[in-house]
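Peer 1: This is the structure I have questions about; it appears just below.
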Amino acid sequence: MGCRLKSIAVYCGHQMGTDPQFKRDAVAVGRMLAKNGIRMVFGGGDVGLMGTVATACLKNGGEVIGVSTDDVIAMQEPAHPEIEVQVVDGVNERKQIMFDESDAFIILPGGVGTLNELTDIMTMQQIGETDKPLFFLNTNGFWNPLSRLIKHMKKYGFVVHLESYNMHNADTVAELKKQILKY
């Protein structure tokens, strides 16, 4: 039995970040998705980790779907030139299409936008709107502070059923691949 995940949204920064391993991992994730026949859905940009993972997926024969908004393209993220990016009216519509087009989500290092996207999915899991898996690539411990914050919120009674979240944490792309393929 093969992987049942046929389409995965990748959320990550529109910047490269300061750790060179972020870029190496983005390339490896794009390659891994393509080599395993998993369609990539992303924010449509051609910059930072976002553009890097999409380009790597494409270069390895993968299928990529981009979704963006005119405002985002005008402000900071030029559309990826190698794919047809679906341009929608607003960020909420962008997130909804990315959610609908995906069987799961990969979270790479990123900023406030990435944090917003992942907390939306966590909230949907919490209230039972989805059970789609959320995979964190914890490159060099990038997401450790978030993990500590969630445990802190649980300690004080604000996160009640942490075990009900369908979240998976991987420290390496090889570990991430194993988690995705066994799903």
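Chain identifiers are assigned as A, B, and so on, following the order in which chains appear in the structure tokens; residues are numbered from 1 within each chain, and ligands are numbered from 1 in order of appearance.
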Just want the 12 Å neighbourhood of A:Val10, counted on only C-alpha atoms, with same-chain residues fewer than 2 positions away dropped. Output as a PyMOL selection string.

Peer 2: chain A and resi 7-8+12-14+26+29-30+33+38-45+49-54+57+64-67+95+98-99+101-110+114+117-118+134-137

Peer 1: So that I can check the secondary structure, give me every residue of stretch 51-96 of chain A assigned helix (DSSP H, G or I) by backbone DSSP, as a ChimeraX atom specification.

Peer 2: /A:51-59,70-75,91-96

Peer 1: Give me the residues within 12 Å of A:Gly141 as a ChimeraX atom specification, counting only C-alpha atoms and dropping any in the same chain fewer than 4 places off.

Peer 2: /A:19,21-22,108-109,136-137,145-148,169-172

Peer 1: In Å, with one decimal, what is the gap from atom CA of A:Leu176 to atom CA of A:Val159?

Peer 2: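 It comes out at 25.1 Å.
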
Peer 1: Would you pick out the contacts of A:Ser68 at 9 Å or less, using only C-alpha atoms, so that residues sharing its chain but fewer than 3 positions from it are not included, and give the list as a PyMOL selection string?

Peer 2: chain A and resi 42-45+71-73+77+79+85-91+94

Peer 1: Rank nothing, just name the residue among A:Tyr11, A:Leu181, A:Leu149, A:Ala174 nearest to A:Asp120, using only C-alpha atoms.

Peer 2: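 For A:Asp120, the nearest of the candidates is A:Tyr11.
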
Peer 1: Per DSSP on the backbone, filter stretch 13-114 of chain A down to the residues in strand (DSSP E or B) and report them as a VMD selection string.

Peer 2: chain A and resid 39 to 42 45 64 to 69 79 85 to 88 104 to 107

Peer 1: For A:Val173, which of A:Lys132, A:Met153, A:Asn140, A:Met16 is the closest residue, counting only C-alpha atoms?

Peer 2: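 Looking at the shortest contact to A:Val173, the residue is A:Asn140.
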